[in-house]
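Asks: Sharing run-v4.txt, compact mmCIF, C-alpha atoms:
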# COMPACT_ATOMS: atom_id res chain seq x y z
CA MET J 20 20.31 42.27 -58.63
CA ALA J 21 21.54 44.65 -61.25
CA ARG J 22 21.05 48.06 -62.80
CA ALA J 23 20.93 48.98 -66.46
CA SER J 24 23.98 50.73 -67.86
CA LYS J 25 24.99 51.76 -71.33
CA HIS J 26 26.53 48.44 -72.33
CA GLY J 27 24.22 46.11 -70.49
CA ILE J 28 24.00 45.97 -66.74
CA GLN J 29 26.33 47.12 -63.98
CA GLU J 30 25.92 45.55 -60.59
CA ARG J 31 25.87 47.59 -57.37
CA GLU J 32 25.31 45.10 -54.62
CA ARG J 33 26.63 43.47 -51.47
CA LYS J 34 26.67 39.77 -50.67
CA PHE J 35 26.43 38.02 -47.29
CA LEU J 36 26.46 34.51 -45.95
CA ILE J 37 23.34 33.61 -43.97
CA LYS J 38 23.53 32.51 -40.34
CA LYS J 39 19.90 31.44 -40.01
CA LEU J 40 17.07 31.36 -42.53
CA PRO J 41 14.13 33.72 -41.82
CA ALA J 42 10.92 32.06 -40.64
CA ASN J 43 8.10 31.34 -43.10
CA LEU J 44 10.30 31.72 -46.15
CA LEU J 45 7.64 30.38 -48.47
CA ARG J 46 5.46 33.47 -48.01
CA PHE J 47 8.00 35.37 -50.13
CA SER J 48 8.07 35.26 -53.89
CA HIS J 49 10.48 32.52 -54.98
CA ASN J 50 11.71 30.59 -57.99
CA ASP J 51 13.61 27.39 -58.65
CA ILE J 52 16.74 28.26 -60.56
CA GLU J 53 19.19 25.94 -62.27
CA GLN J 54 22.27 27.36 -63.90
CA GLY J 55 25.23 25.90 -65.70
CA TYR J 56 28.42 27.51 -66.96
CA LEU J 57 29.72 27.24 -70.50
CA ALA J 58 32.78 29.36 -69.72
CA ILE J 59 34.33 30.42 -66.44
CA PRO J 60 37.34 32.71 -66.59
CA ARG J 61 40.18 32.34 -64.10
CA SER J 62 40.29 34.74 -61.18
CA ASN J 63 41.39 38.24 -62.17
CA SER J 64 40.96 37.42 -65.83
CA ARG J 65 39.26 39.96 -68.07
CA ALA J 66 37.60 37.14 -69.99
CA SER J 67 33.86 36.62 -69.98
CA GLU J 68 31.79 34.21 -67.98
CA VAL J 69 29.01 32.57 -70.02
CA ARG J 70 26.07 30.96 -68.28
CA ILE J 71 22.71 29.34 -69.05
CA ARG J 72 20.01 29.85 -66.45
CA ARG J 73 16.66 28.11 -66.25
CA THR J 74 13.95 29.73 -64.16
CA GLY J 75 10.82 27.64 -64.47
CA ARG J 76 10.35 27.24 -68.23
CA GLU J 77 12.38 30.30 -69.17
CA TYR J 78 15.99 30.06 -70.31
CA MET J 79 18.45 32.92 -70.39
CA LEU J 80 22.00 33.19 -71.69
CA THR J 81 24.11 35.53 -69.58
CA VAL J 82 27.55 36.95 -70.26
CA LYS J 83 29.43 38.70 -67.46
CA ARG J 84 32.68 40.61 -67.54
CA GLY J 85 34.71 42.23 -64.79
CA ARG J 86 34.97 41.49 -61.08
CA GLY J 87 33.98 42.93 -57.74
CA ASP J 88 31.01 45.15 -56.96
CA THR J 89 30.76 46.67 -60.44
CA ARG J 90 30.41 44.17 -63.21
CA ASP J 91 28.99 44.25 -66.73
CA GLU J 92 26.23 41.75 -67.33
CA THR J 93 24.27 41.11 -70.51
CA GLU J 94 21.36 38.69 -70.45
CA VAL J 95 19.31 37.51 -73.41
CA PRO J 96 16.53 34.95 -73.79
CA ILE J 97 17.40 31.69 -75.49
CA ALA J 98 15.02 29.10 -76.92
CA ALA J 99 14.36 26.11 -74.68
CA ALA J 100 15.46 23.72 -77.44
CA SER J 101 18.78 25.56 -77.82
CA ALA J 102 19.33 25.71 -74.08
CA ARG J 103 18.68 21.98 -73.76
CA ARG J 104 21.25 21.19 -76.44
CA LEU J 105 23.87 23.36 -74.73
CA TRP J 106 23.11 22.06 -71.23
CA PRO J 107 25.29 18.89 -71.45
CA LEU J 108 28.30 21.18 -71.97
CA THR J 109 27.81 22.59 -68.48
CA ALA J 110 28.38 19.22 -66.77
CA GLY J 111 30.52 19.67 -63.67
CA ALA J 112 29.71 23.38 -63.51
CA ARG J 113 26.13 23.69 -62.30
CA VAL J 114 24.21 24.99 -59.33
CA ARG J 115 20.60 24.57 -58.24
CA LYS J 116 18.99 26.96 -55.82
CA VAL J 117 15.73 28.51 -54.73
CA ARG J 118 15.78 32.30 -54.93
CA TYR J 119 13.53 34.21 -52.51
CA LYS J 120 12.81 37.91 -53.04
CA ILE J 121 12.45 39.56 -49.65
CA PRO J 122 11.55 43.24 -49.22
CA TYR J 123 13.64 44.99 -46.56
CA HIS J 124 13.36 48.71 -45.69
CA GLY J 125 12.67 49.70 -49.26
CA LEU J 126 15.43 47.43 -50.56
CA LYS J 127 15.17 43.97 -52.10
CA ILE J 128 17.07 41.04 -50.62
CA GLU J 129 17.65 38.13 -52.95
CA LEU J 130 18.21 35.07 -50.81
CA ASP J 131 19.63 32.03 -52.59
CA VAL J 132 19.16 28.73 -50.80
CA TYR J 133 21.28 26.14 -52.58
CA ARG J 134 20.19 22.61 -53.33
CA GLY J 135 21.91 19.41 -54.40
CA ARG J 136 25.61 19.18 -53.69
CA LEU J 137 25.62 22.64 -52.07
CA ARG J 138 22.63 21.97 -49.83
CA GLY J 139 23.09 23.83 -46.54
CA LEU J 140 24.58 26.92 -48.14
CA ALA J 141 22.57 30.14 -48.30
CA VAL J 142 23.76 33.50 -49.60
CA ALA J 143 21.94 36.84 -49.77
CA GLU J 144 22.52 39.67 -52.21
CA VAL J 145 21.20 43.18 -51.75
CA GLU J 146 20.94 45.62 -54.60
CA PHE J 147 21.28 49.36 -53.92
CA PRO J 148 20.05 52.46 -55.71
CA SER J 149 23.30 54.34 -55.06
CA VAL J 150 26.84 53.81 -53.81
CA ALA J 151 25.95 55.84 -50.67
CA ALA J 152 23.01 53.56 -49.89
CA MET J 153 25.27 50.57 -50.47
CA LYS J 154 27.82 51.82 -47.96
CA LYS J 155 25.42 52.70 -45.16
CA PHE J 156 23.39 49.48 -45.30
CA ARG J 157 22.83 47.82 -41.89
CA PRO J 158 22.27 44.09 -42.45
CA PRO J 159 19.44 42.25 -40.64
CA ASP J 160 20.50 40.00 -37.76
CA TRP J 161 20.03 36.80 -39.75
CA PHE J 162 22.85 37.89 -42.09
CA GLY J 163 26.33 36.53 -41.37
CA ARG J 164 29.73 37.39 -42.75
CA GLU J 165 29.95 39.72 -45.74
CA VAL J 166 31.50 38.09 -48.84
CA THR J 167 31.04 40.88 -51.40
CA GLY J 168 33.54 40.43 -54.22
CA LYS J 169 34.86 37.16 -52.83
CA ASP J 170 35.39 34.87 -55.77
CA ALA J 171 34.87 31.74 -53.69
CA TYR J 172 31.19 32.62 -53.28
CA SER J 173 30.45 33.51 -56.86
CA ASN J 174 28.04 31.04 -58.41
CA SER J 175 30.62 30.02 -60.97
CA ARG J 176 33.13 29.06 -58.28
CA LEU J 177 30.47 27.34 -56.22
CA ALA J 178 29.48 25.40 -59.32
CA THR J 179 32.99 24.05 -59.87
CA PHE J 180 34.97 24.34 -56.66
CA GLY J 181 32.03 24.27 -54.28
CA SER J 182 33.33 21.93 -51.65
CA GLY J 183 35.96 24.26 -50.16
CA ALA J 184 33.70 27.28 -49.96
CA THR J 185 30.83 25.19 -48.70
CA ALA J 186 32.74 23.93 -45.67
CA ARG J 187 33.21 27.51 -44.48
CA ALA J 188 29.75 28.74 -45.34
CA ARG J 189 27.24 26.14 -44.26
CA ILE J 190 24.51 27.43 -41.99
CA MET C 11 33.19 20.98 -91.55
CA ALA C 12 31.96 18.63 -88.89
CA ARG C 13 30.18 15.35 -88.25
CA ALA C 14 27.39 14.64 -85.83
CA SER C 15 28.31 12.70 -82.70
CA LYS C 16 26.42 11.76 -79.59
CA HIS C 17 27.05 14.99 -77.71
CA GLY C 18 27.01 17.40 -80.61
CA ILE C 19 29.58 17.36 -83.35
CA GLN C 20 33.06 15.89 -83.61
CA GLU C 21 35.37 17.34 -86.19
CA ARG C 22 37.46 15.16 -88.51
CA GLU C 23 39.31 17.56 -90.75
CA ARG C 24 42.62 18.94 -91.91
CA LYS C 25 43.56 22.57 -92.34
CA PHE C 26 45.99 24.17 -94.77
CA LEU C 27 47.30 27.61 -95.58
CA ILE C 28 46.67 28.70 -99.17
CA LYS C 29 49.52 29.62 -101.52
CA LYS C 30 47.36 30.98 -104.32
CA LEU C 31 43.60 31.40 -104.61
CA PRO C 32 41.89 29.27 -107.29
CA ALA C 33 40.67 31.15 -110.39
CA ASN C 34 37.03 32.22 -110.69
CA LEU C 35 36.32 31.79 -107.00
CA LEU C 36 32.94 33.45 -107.28
CA ARG C 37 31.50 30.52 -109.26
CA PHE C 38 31.55 28.52 -106.03
CA SER C 39 28.87 28.80 -103.37
CA HIS C 40 30.00 31.36 -100.81
CA ASN C 41 28.84 33.31 -97.77
CA ASP C 42 29.96 36.36 -95.85
CA ILE C 43 30.67 35.31 -92.29
CA GLU C 44 31.32 37.48 -89.28
CA GLN C 45 32.14 35.87 -85.97
CA GLY C 46 32.99 37.15 -82.52
CA TYR C 47 34.14 35.32 -79.42
CA LEU C 48 32.50 35.60 -76.01
CA ALA C 49 34.98 33.22 -74.41
CA ILE C 50 38.32 31.89 -75.61
CA PRO C 51 40.09 29.36 -73.41
CA ARG C 52 43.86 29.39 -73.07
CA SER C 53 45.84 26.88 -75.09
CA ASN C 54 45.57 23.35 -73.71
CA SER C 55 42.70 24.34 -71.49
CA ARG C 56 39.70 22.04 -71.27
CA ALA C 57 37.42 25.06 -71.02
CA SER C 58 34.90 25.90 -73.71
CA GLU C 59 35.11 28.40 -76.52
CA VAL C 60 31.90 30.35 -77.05
CA ARG C 61 31.25 32.15 -80.30
CA ILE C 62 28.54 34.07 -82.15
CA ARG C 63 28.51 33.68 -85.92
CA ARG C 64 26.51 35.70 -88.40
CA THR C 65 26.00 34.23 -91.87
CA GLY C 66 23.80 36.58 -93.83
CA ARG C 67 20.81 37.18 -91.56
CA GLU C 68 21.26 34.00 -89.55
CA TYR C 69 22.94 33.98 -86.16
CA MET C 70 24.33 30.92 -84.40
CA LEU C 71 25.81 30.40 -80.97
CA THR C 72 28.58 27.81 -80.98
CA VAL C 73 30.33 26.14 -78.08
CA LYS C 74 33.48 24.10 -78.73
CA ARG C 75 35.49 21.94 -76.39
CA GLY C 76 38.70 20.02 -76.85
CA ARG C 77 41.63 20.55 -79.18
CA GLY C 78 43.23 19.02 -82.24
CA ASP C 79 41.55 17.07 -85.01
CA THR C 80 38.71 15.76 -82.85
CA ARG C 81 36.72 18.42 -81.11
CA ASP C 82 33.20 18.61 -79.72
CA GLU C 83 31.10 21.35 -81.23
CA THR C 84 27.52 22.28 -80.43
CA GLU C 85 25.79 24.93 -82.50
CA VAL C 86 22.33 26.39 -81.87
CA PRO C 87 20.38 29.20 -83.52
CA ILE C 88 20.05 32.43 -81.60
CA ALA C 89 17.59 35.27 -82.23
CA ALA C 90 19.02 38.23 -84.15
CA ALA C 91 17.99 40.61 -81.36
CA SER C 92 19.84 38.52 -78.77
CA ALA C 93 22.90 38.17 -80.96
CA ARG C 94 23.01 41.92 -81.52
CA ARG C 95 22.93 42.58 -77.78
CA LEU C 96 25.77 40.14 -77.17
CA TRP C 97 27.87 41.35 -80.09
CA PRO C 98 29.49 44.34 -78.26
CA LEU C 99 30.99 41.83 -75.81
CA THR C 100 33.05 40.33 -78.63
CA ALA C 101 34.96 43.57 -79.29
CA GLY C 102 38.63 42.82 -79.91
CA ALA C 103 37.87 39.18 -80.73
CA ARG C 104 36.26 39.13 -84.16
CA VAL C 105 36.98 37.87 -87.65
CA ARG C 106 35.32 38.56 -90.99
CA LYS C 107 35.73 36.21 -93.90
CA VAL C 108 34.15 34.89 -97.07
CA ARG C 109 33.70 31.13 -97.01
CA TYR C 110 33.72 29.30 -100.37
CA LYS C 111 32.50 25.71 -100.65
CA ILE C 112 34.56 23.94 -103.28
CA PRO C 113 33.91 20.33 -104.35
CA TYR C 114 37.10 18.30 -104.72
CA HIS C 115 37.20 14.58 -105.64
CA GLY C 116 34.05 13.82 -103.70
CA LEU C 117 35.21 15.90 -100.74
CA LYS C 118 34.27 19.45 -99.78
CA ILE C 119 36.90 22.12 -99.34
CA GLU C 120 35.87 25.07 -97.22
CA LEU C 121 38.08 27.97 -98.20
CA ASP C 122 38.05 30.96 -95.84
CA VAL C 123 39.32 34.21 -97.31
CA TYR C 124 39.73 36.67 -94.47
CA ARG C 125 38.76 40.32 -94.62
CA GLY C 126 39.44 43.40 -92.53
CA ARG C 127 42.53 43.30 -90.35
CA LEU C 128 43.39 39.78 -91.58
CA ARG C 129 43.02 40.59 -95.28
CA GLY C 130 45.54 38.56 -97.27
CA LEU C 131 45.14 35.43 -95.18
CA ALA C 132 43.34 32.39 -96.63
CA VAL C 133 42.92 29.02 -94.99
CA ALA C 134 41.23 25.85 -96.27
CA GLU C 135 39.63 23.10 -94.27
CA VAL C 136 38.72 19.70 -95.63
CA GLU C 137 36.26 17.40 -93.92
CA PHE C 138 36.64 13.63 -94.24
CA PRO C 139 34.21 10.73 -93.98
CA SER C 140 36.76 8.55 -92.15
CA VAL C 141 40.14 8.72 -90.46
CA ALA C 142 41.60 6.63 -93.31
CA ALA C 143 40.34 9.12 -95.92
CA MET C 144 41.76 11.93 -93.80
CA LYS C 145 45.22 10.37 -93.74
CA LYS C 146 45.49 9.54 -97.43
CA PHE C 147 44.29 12.95 -98.69
CA ARG C 148 46.50 14.49 -101.42
CA PRO C 149 46.08 18.28 -101.31
CA PRO C 150 45.61 20.27 -104.56
CA ASP C 151 48.61 22.30 -105.71
CA TRP C 152 47.14 25.60 -104.59
CA PHE C 153 47.30 24.40 -100.97
CA GLY C 154 50.33 25.41 -98.89
CA ARG C 155 51.60 24.32 -95.51
CA GLU C 156 49.39 22.12 -93.36
CA VAL C 157 48.37 23.75 -90.07
CA THR C 158 45.96 21.13 -88.70
CA GLY C 159 45.69 21.48 -84.94
CA LYS C 160 47.89 24.57 -84.84
CA ASP C 161 46.34 26.94 -82.36
CA ALA C 162 47.77 30.00 -84.08
CA TYR C 163 45.45 29.41 -87.05
CA SER C 164 42.29 28.76 -85.12
CA ASN C 165 39.73 31.48 -85.73
CA SER C 166 39.75 32.40 -82.05
CA ARG C 167 43.50 33.01 -82.08
CA LEU C 168 43.32 34.87 -85.37
CA ALA C 169 40.57 37.02 -83.87
CA THR C 170 42.71 38.09 -80.92
CA PHE C 171 46.37 37.50 -81.72
CA GLY C 172 46.06 37.67 -85.48
CA SER C 173 49.02 39.82 -86.33
CA GLY C 174 51.71 37.24 -85.53
CA ALA C 175 50.06 34.40 -87.39
CA THR C 176 49.16 36.64 -90.29
CA ALA C 177 52.76 37.63 -90.94
CA ARG C 178 53.65 33.97 -91.52
CA ALA C 179 50.55 33.07 -93.47
CA ARG C 180 49.84 35.83 -95.96
CA ILE C 181 49.47 34.70 -99.55
Would you mind writing the file's structure down as structure tokens?
Replies:
Amino acid sequence: MARASKHGIQERERKFLIKKLPANLLRFSHNDIEQGYLAIPRSNSRASEVRIRRTGREYMLTVKRGRGDTRDETEVPIAAASARRLWPLTAGARVRKVRYKIPYHGLKIELDVYRGRLRGLAVAEVEFPSVAAMKKFRPPDWFGREVTGKDAYSNSRLATFGSGATARARI
Amino acid sequence: MARASKHGIQERERKFLIKKLPANLLRFSHNDIEQGYLAIPRSNSRASEVRIRRTGREYMLTVKRGRGDTRDETEVPIAAASARRLWPLTAGARVRKVRYKIPYHGLKIELDVYRGRLRGLAVAEVEFPSVAAMKKFRPPDWFGREVTGKDAYSNSRLATFGSGATARARI
């Protein structure tokens, strides 16, 4: 999803809604992910987004700054006991999803199939090795509308204002 | 500074500017504290404030919600390596201070003497066992104007908009 840069990680990726899930999804590597937001900046703010993510038994604290297709991201491990104490503070700002990692012409598609309140929504992100590769990417036919950089489909917006975006994006 | 409550910690305290530092400050227990903010909500926002604090070699991650004299606060330890990776994200939103713990008629005064850009500013907080005790408190003569609940003297505001508040508060 992201590439290392001097001050953490800078994302170079495109995001698409999904028209139709690929067959036999379970043959791909996948993880249950639950994430909750401690801080969500307003749109166009330069403030940081702060998130706790659980993947299996592992907890990470992630801080993101910036918007659009380049974004600084710093992620650090956090003890399970600490994460569990902070979790109640994310009430009303959570998403649950299964993330599938799908190889595609030398690239990696990360397909997020949402659960819970957002069930029916699926979004794919593709990470690229260069800006040129990012621009010339031809999406597979199961991809739908591109939503790269669209705030409404960021996980933080889905977590809090999900209903509006969901109505447009359900597959 | 704070009392345990069901969902973390609820503060019951008053805050004062300091007219004149007490003599022989160093006889009181004190710590160097450095703190930086990952997220600072706007005034009157219900969003969370997220902070890293270093006290000596110990790092804590703190999330606060709410405003005024009752405020939810959850604080968890964070590994030094994680804290150091997150620290660059707090640039432009940091304070350094020495915190003195001063016993006073069965209460505890926490006196923060700021360093660096805020040098010259000192603020005291007093924690109370009950609302009644909080209301009947008679401040010592070295205390100045009360600033309880005043956003301008919160550490997060001092960290980012310090110059304005400092001009009014220097001792």
Asks: Find the nearest atom pair between each residue of chain C and chain J for residues within 8 Å, count only C-alpha atoms, give distances in Å to one decimal, sort rows by chain and ascending number, and present the table as JSON lines.
Replies:
{"residue": "C:His17", "atom": "CA", "partner": "J:Pro107", "partner_atom": "CA", "distance": 7.6}
{"residue": "C:Leu48", "atom": "CA", "partner": "J:Ser67", "partner_atom": "CA", "distance": 6.3}
{"residue": "C:Ala49", "atom": "CA", "partner": "J:Ser67", "partner_atom": "CA", "distance": 5.7}
{"residue": "C:Ile50", "atom": "CA", "partner": "J:Ala66", "partner_atom": "CA", "distance": 7.7}
{"residue": "C:Ala57", "atom": "CA", "partner": "J:Ala58", "partner_atom": "CA", "distance": 6.5}
{"residue": "C:Ser58", "atom": "CA", "partner": "J:Ala58", "partner_atom": "CA", "distance": 5.7}
{"residue": "C:Glu59", "atom": "CA", "partner": "J:Ala58", "partner_atom": "CA", "distance": 7.3}
{"residue": "C:Val60", "atom": "CA", "partner": "J:Ala58", "partner_atom": "CA", "distance": 7.4}
{"residue": "C:Val73", "atom": "CA", "partner": "J:Leu57", "partner_atom": "CA", "distance": 7.7}
{"residue": "C:Thr84", "atom": "CA", "partner": "J:Leu105", "partner_atom": "CA", "distance": 6.9}
{"residue": "C:Val86", "atom": "CA", "partner": "J:Ser101", "partner_atom": "CA", "distance": 5.4}
{"residue": "C:Pro87", "atom": "CA", "partner": "J:Ser101", "partner_atom": "CA", "distance": 6.9}
{"residue": "C:Ile88", "atom": "CA", "partner": "J:Ile97", "partner_atom": "CA", "distance": 6.7}
{"residue": "C:Ala89", "atom": "CA", "partner": "J:Ile97", "partner_atom": "CA", "distance": 7.6}
{"residue": "C:Ser92", "atom": "CA", "partner": "J:Val95", "partner_atom": "CA", "distance": 5.5}
{"residue": "C:Arg95", "atom": "CA", "partner": "J:Thr93", "partner_atom": "CA", "distance": 7.5}
{"residue": "C:Leu96", "atom": "CA", "partner": "J:Thr93", "partner_atom": "CA", "distance": 6.9}
{"residue": "C:Pro98", "atom": "CA", "partner": "J:His26", "partner_atom": "CA", "distance": 7.8}
Asks: Could you check how far atom CA of J:Ala178 sits from atom CA of C:Met70, in Å to one decimal?
Replies: 26.2 Å
Asks: Measure the distance from atom CA of J:Val145 to atom CA of J:Tyr123 in Å and round it to one decimal.
Replies: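 One can read the atom CA of J:Val145 to atom CA of J:Tyr123 distance as 9.3 Å.
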Asks: With distances taken over only C-alpha atoms, which residue among C:Leu35, C:Leu128, C:Val157, C:Ile62 lies nearest C:Ile112?
Replies: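 Answer, going by the shortest atom-to-atom distance: C:Leu35.
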Asks: Atom CA of J:Val132 and atom CA of J:Thr167, how far apart in Å?
Replies: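 Computed distance, atom CA of J:Thr167 to atom CA of J:Val132, equals 17.0 Å.
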Asks: Considering only C-alpha atoms, can you say which of C:Glu135, C:Ala143, C:Gln45, C:Trp152 comes closest to C:Ala33?
Replies: C:Trp152
Asks: Between C:Val108, C:Arg63, C:Ala162, C:Glu156, which residue has the minimum interatomic distance to C:Arg129, considering only C-alpha atoms?
Replies: C:Val108
Asks: The residues within 8 Å of (11.9, 29.4, -57.9), using only C-alpha atoms and the coordinates of the file, should be reported as a ChimeraX atom specification; which are they?
Replies: /J:49-52,74-75,116-119
